[in-house]
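Comments concern the structure below.
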Amino acid sequence: MLGPTTTRLAIALCLAIATPASAESDGTGTIAVGPQYGSTHAYVAPDQVDRFVTSLIATFGGQASQPADVNVTPVPSLTISRIVSTPAGLVSVFGFKTPIPYPFGEERTGYLVTDMDEAVAAARRAGAEIVVSPYPDAIGRDAIIRWPGGVTMQLYWHTKAPSYPPLASIPDNRVYLSADQADAFIRDFIAFSGAKVITDDPRAPGIEIGRPSDTYRRVHLVSTFGNLTVLVTDGHLPWPYGREVTGYEVANFAATLANATPAGVEILAGPYGSGGHDAAMVRFPGGYIAEIHAPRSD
């Protein structure tokens with residue numbers, strides 16, 4: 001079994017997709033590097049990894065690393081790792097061959113930071129708990145943090161900072177929270193990330209959460225880490241709402257779904273129109289659920 005020092009070896013190899021260079025903060029003091037470095041974490045069965053990766057590329061375009069067996073945790077474990085770089089966002093795919101050590105699998109996103117110690121200290125000051133303390137890997141360090149409401153994220157840092165091309169569109173990190181925890185999460189995440197509230201709609205159309213006769217609160221934040229949408233609900237959610245962690249914006253909605261379906265992607269809900277967008281909930285081979293949306297052309 002490979003040791004913890006191989007944690008991101010596959011990522012380092014695959015990101016020949018991107019040319020190594022110096023990554024700087026945005027000049028405002030933020031510890032974030034940029035939205036193209038935010039990676040959605042997708043856990044699928046090991047025998048579904050290749051099929052899942054093929055379906056992602058068929059849907060969004062892009063390219064993927066070759067599969068590699070690595071240890072991505074601070075304790076002994078083994079997973080197939082593939083990184084998929086698409087114009088709509090980066091996806092880290094894990095197909096564990098061993099039991100998944102706690103709490104891995106609960107984190108939704110990996111955010112690249114300019115300094116791990118500073119990032120962990122800033123997260124703690126902002127109200128996050130450090131669930132997995134920083135640990136070394138082959139090319140940097142990693143940690144896992146958790147916010148009010150149970151929102152869990154990974155932070156990662158590279159010794160040699162990468163340089164990834166800008167995304168064609170920035171995906172939404174979709175966070176479902178109760179009214180009891182939403183404001184605490186929003187406050188703390190803003191303190192950590194420097195995010196700005198772009199919209200806070202207390203009566204967003206309920207069709208967006210599978211309840212067309214109702215309304216709910218939707219808060220959209222933007223930071224150097226990327227986009228984050230908080231969906232505040234009473235938890236009365238029809239399946240599959242609440243199971244997705246990412247919303248992907250595409251240029252051509254109909255063409256994207258047409259490309260996705262032959263690749264084994266199921267449309268679970270929609271398509272529907274709301275707020276000037278068309279959207280649908282889909283499930284990729286391996287069980288990964290996502291939202292896909294695009295501005296309406298009419």
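Every chain in the structure tokens has a letter given in the order shown (A, B, ...), and although residue numbers restart at 1 in each chain, ligands are simply numbered from 1 in the order shown.
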Which of range 53-181 of chain A DSSP labels alpha helix (DSSP H), written as a PyMOL selection string
chain A and resi 53-60+116-126
Would you mind listing what lies within 12 Å of range 212-214 of chain A as a compact mmCIF listing (two decimals) with C-alpha atoms, in the first residue's frame, with only C-alpha atoms counted and same-chain residues fewer than 6 positions away left out?
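Done, and the output landed in result.txt:
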```txt
# COMPACT_ATOMS: atom_id res chain seq x y z
CA PRO A 202 -36.17 35.29 0.72
CA ARG A 203 -38.77 34.16 -1.83
CA ALA A 204 -36.84 32.27 -4.49
CA PRO A 205 -38.97 30.01 -6.70
CA GLY A 206 -39.58 26.67 -5.04
CA THR A 233 -35.03 25.13 3.48
CA ASP A 234 -37.22 23.35 6.00
CA HIS A 236 -38.91 18.87 3.15
CA LEU A 237 -36.99 18.08 -0.02
CA PRO A 238 -38.12 15.65 -2.69
CA GLY A 270 -36.51 19.00 -15.00
CA TYR A 272 -37.39 23.59 -15.82
CA GLY A 273 -37.10 27.34 -16.21
CA SER A 274 -36.55 29.72 -13.30
```
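Across A:Asp278, A:Ser163, A:Gln181, A:Ser169, the tightest approach to Ile207 in chain A is made by A:Asp278 when counting only C-alpha atoms.
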Mind running range 49-147 of chain A against range 28-40 of chain A at 8 Å and telling me each contacting residue's nearest atom pair with the distance in Å (one decimal), counting only C-alpha atoms, chain and number ascending, as a Markdown table?
```
| residue | atom | partner | partner_atom | distance |
| --- | --- | --- | --- | --- |
| A:Gly89 | CA | A:Gln36 | CA | 6.7 |
| A:Leu90 | CA | A:Ser39 | CA | 4.8 |
| A:Val91 | CA | A:Thr40 | CA | 4.8 |
| A:Ser92 | CA | A:Thr40 | CA | 6.0 |
| A:Arg108 | CA | A:Thr40 | CA | 6.0 |
| A:Thr109 | CA | A:Thr40 | CA | 4.6 |
| A:Gly110 | CA | A:Ser39 | CA | 5.0 |
| A:Tyr111 | CA | A:Gly38 | CA | 4.7 |
| A:Leu112 | CA | A:Tyr37 | CA | 5.7 |
| A:Val113 | CA | A:Ala32 | CA | 4.9 |
| A:Thr114 | CA | A:Ile31 | CA | 5.2 |
| A:Asp115 | CA | A:Ile31 | CA | 6.7 |
| A:Glu118 | CA | A:Ile31 | CA | 7.6 |
| A:Ala119 | CA | A:Ile31 | CA | 6.3 |
```
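We find CA of Phe284 in chain A and CA of Lys97 in chain A to be spaced 20.1 Å apart.
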Strand (DSSP E) per DSSP on the backbone: members of range 62-298 of chain A, as a ChimeraX atom specification:
/A:63-64,68-70,79-86,89-96,109-112,129-137,140-146,152-158,172-177,196-205,215-223,226-232,246-249,266-274,277-283,289-295
Which residue, A:Gly127, A:Gly275, A:Pro162, A:Pro67, has the smallest gap to Arg187 in chain A when you use only C-alpha atoms?
A:Gly127
Which of these residues is nearest to Glu106 in chain A, using only C-alpha atoms: A:Ala123, A:Val75, A:Ile144, A:Val93?
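Of A:Ala123, A:Val75, A:Ile144, A:Val93, the one nearest Glu106 in chain A is A:Ile144, counting only C-alpha atoms.
Using only C-alpha atoms, the nearest neighbour of Val72 in chain A within the list A:Pro101, A:Pro148, A:Pro171, A:Pro166 is A:Pro101.
With distances restricted to only C-alpha atoms, A:Ala88 is the closest residue to Gly247 in chain A from A:Ala182, A:Ile145, A:Ile57, A:Ala88.
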With a cut-off of 7 Å, could you pull out the residues of range 208-231 of chain A touching range 193-201 of chain A and give me the nearest pair of atoms for each, distance in Å to one decimal, using only C-alpha atoms, ordered by chain and ascending number, as JSON lines?
```
{"residue": "A:Arg217", "atom": "CA", "partner": "A:Asp201", "partner_atom": "CA", "distance": 5.5}
{"residue": "A:Arg218", "atom": "CA", "partner": "A:Asp201", "partner_atom": "CA", "distance": 5.3}
{"residue": "A:Val219", "atom": "CA", "partner": "A:Asp200", "partner_atom": "CA", "distance": 4.3}
{"residue": "A:His220", "atom": "CA", "partner": "A:Thr199", "partner_atom": "CA", "distance": 5.2}
{"residue": "A:Leu221", "atom": "CA", "partner": "A:Val197", "partner_atom": "CA", "distance": 4.5}
{"residue": "A:Val222", "atom": "CA", "partner": "A:Ala195", "partner_atom": "CA", "distance": 5.2}
{"residue": "A:Ser223", "atom": "CA", "partner": "A:Ala195", "partner_atom": "CA", "distance": 4.2}
```
Using only C-alpha atoms, which of the listed residues (A:Glu249, A:Pro76, A:Phe192, A:Ala168) sits closest to Pro99 in chain A?
A:Pro76
Could you give me, as a ChimeraX atom specification, the residues within 7 Å of Ser55 in chain A, counting only C-alpha atoms and dropping anything in the same chain fewer than 4 positions from it?
/A:51,59,260,263-265,284
Dump N, CA and C atoms for the selected residues as an mmCIF file, in the first residue's frame?
```cif
data_model
loop_
_atom_site.group_PDB
_atom_site.id
_atom_site.type_symbol
_atom_site.label_atom_id
_atom_site.label_comp_id
_atom_site.auth_asym_id
_atom_site.auth_seq_id
_atom_site.Cartn_x
_atom_site.Cartn_y
_atom_site.Cartn_z
ATOM 1 N N ARG A 51 -15.913 4.972 -16.208
ATOM 2 C CA ARG A 51 -17.199 5.301 -16.845
ATOM 3 C C ARG A 51 -17.677 6.685 -16.400
ATOM 4 N N THR A 59 -20.124 15.227 -21.274
ATOM 5 C CA THR A 59 -21.096 16.262 -20.919
ATOM 6 C C THR A 59 -20.514 17.667 -21.016
ATOM 7 N N ALA A 260 -24.938 14.488 -22.787
ATOM 8 C CA ALA A 260 -24.838 13.732 -21.537
ATOM 9 C C ALA A 260 -25.602 12.411 -21.600
ATOM 10 N N ALA A 263 -24.078 9.214 -22.821
ATOM 11 C CA ALA A 263 -22.949 8.809 -21.977
ATOM 12 C C ALA A 263 -23.404 8.205 -20.660
ATOM 13 N N GLY A 264 -24.708 7.952 -20.524
ATOM 14 C CA GLY A 264 -25.218 7.302 -19.332
ATOM 15 C C GLY A 264 -25.685 8.235 -18.234
ATOM 16 N N VAL A 265 -25.793 9.524 -18.540
ATOM 17 C CA VAL A 265 -26.255 10.489 -17.539
ATOM 18 C C VAL A 265 -27.783 10.503 -17.531
ATOM 19 N N PHE A 284 -24.839 11.064 -12.794
ATOM 20 C CA PHE A 284 -23.816 10.470 -13.639
ATOM 21 C C PHE A 284 -23.604 9.001 -13.259
#
```
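Non-sequential neighbours of Tyr248 in chain A (distance at most 10 Å, separation of 2 or more positions within a chain, only C-alpha atoms) are Phe60, Pro87, Ala88, Gly89, Ser169, Ile170, Pro171, Asp172, Asn173, Thr246, Val250, Ala279, Ala290, Glu291, Ile292, His293 and Ala294 of chain A.
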Kindly export the residues of the current selection with C-alpha atoms, as a CSV table (one decimal), in the first residue's frame.
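Wrote selection32.csv, looks like this:
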```
chain,number,residue,atom,x,y,z
A,60,PHE,CA,-18.8,19.2,-20.3
A,87,PRO,CA,-14.5,24.3,-18.9
A,88,ALA,CA,-17.2,24.1,-16.2
A,89,GLY,CA,-15.1,23.1,-13.3
A,169,SER,CA,-17.9,29.3,-16.3
A,170,ILE,CA,-17.5,29.1,-12.5
A,171,PRO,CA,-19.6,26.3,-10.9
A,172,ASP,CA,-21.7,26.9,-7.8
A,173,ASN,CA,-20.9,25.1,-4.6
A,246,THR,CA,-22.3,21.5,-7.3
A,250,VAL,CA,-23.0,25.6,-19.5
A,279,ALA,CA,-31.9,23.9,-15.2
A,290,ALA,CA,-25.3,17.5,-10.0
A,291,GLU,CA,-27.3,20.5,-11.1
A,292,ILE,CA,-26.8,21.8,-14.7
A,293,HIS,CA,-28.1,25.2,-15.7
A,294,ALA,CA,-27.7,27.9,-18.5
```
Shell around Val120 in chain A at 8 Å using only C-alpha atoms, local window under 4 positions removed, as a ChimeraX atom specification:
/A:116,124,130,143
Selected residues written out, N, CA and C atoms, as a tab-separated table (two decimals), in the first residue's frame:
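File written: part.tsv
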```tsv
chain	number	residue	atom	x	y	z
A	116	MET	N	-1.04	27.24	4.04
A	116	MET	CA	-1.89	26.33	4.82
A	116	MET	C	-2.04	26.76	6.27
A	124	ARG	N	-10.28	28.80	11.66
A	124	ARG	CA	-10.61	28.65	13.08
A	124	ARG	C	-11.12	29.98	13.66
A	130	ILE	N	-11.41	22.44	12.87
A	130	ILE	CA	-10.42	21.73	12.07
A	130	ILE	C	-10.64	20.24	12.32
A	143	ALA	N	-5.79	19.74	4.64
A	143	ALA	CA	-6.53	19.76	5.90
A	143	ALA	C	-8.02	19.71	5.55
```
CA of Leu231 in chain A to CA of Ser178 in chain A, straight-line distance in Å:
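So the two atoms, CA of Ser178 in chain A and CA of Leu231 in chain A, lie 8.4 Å apart.
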Please compute the CA of Ala45 in chain A-CA of Ile83 in chain A distance, one decimal, in Å.
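These atoms are spaced 15.4 Å apart.
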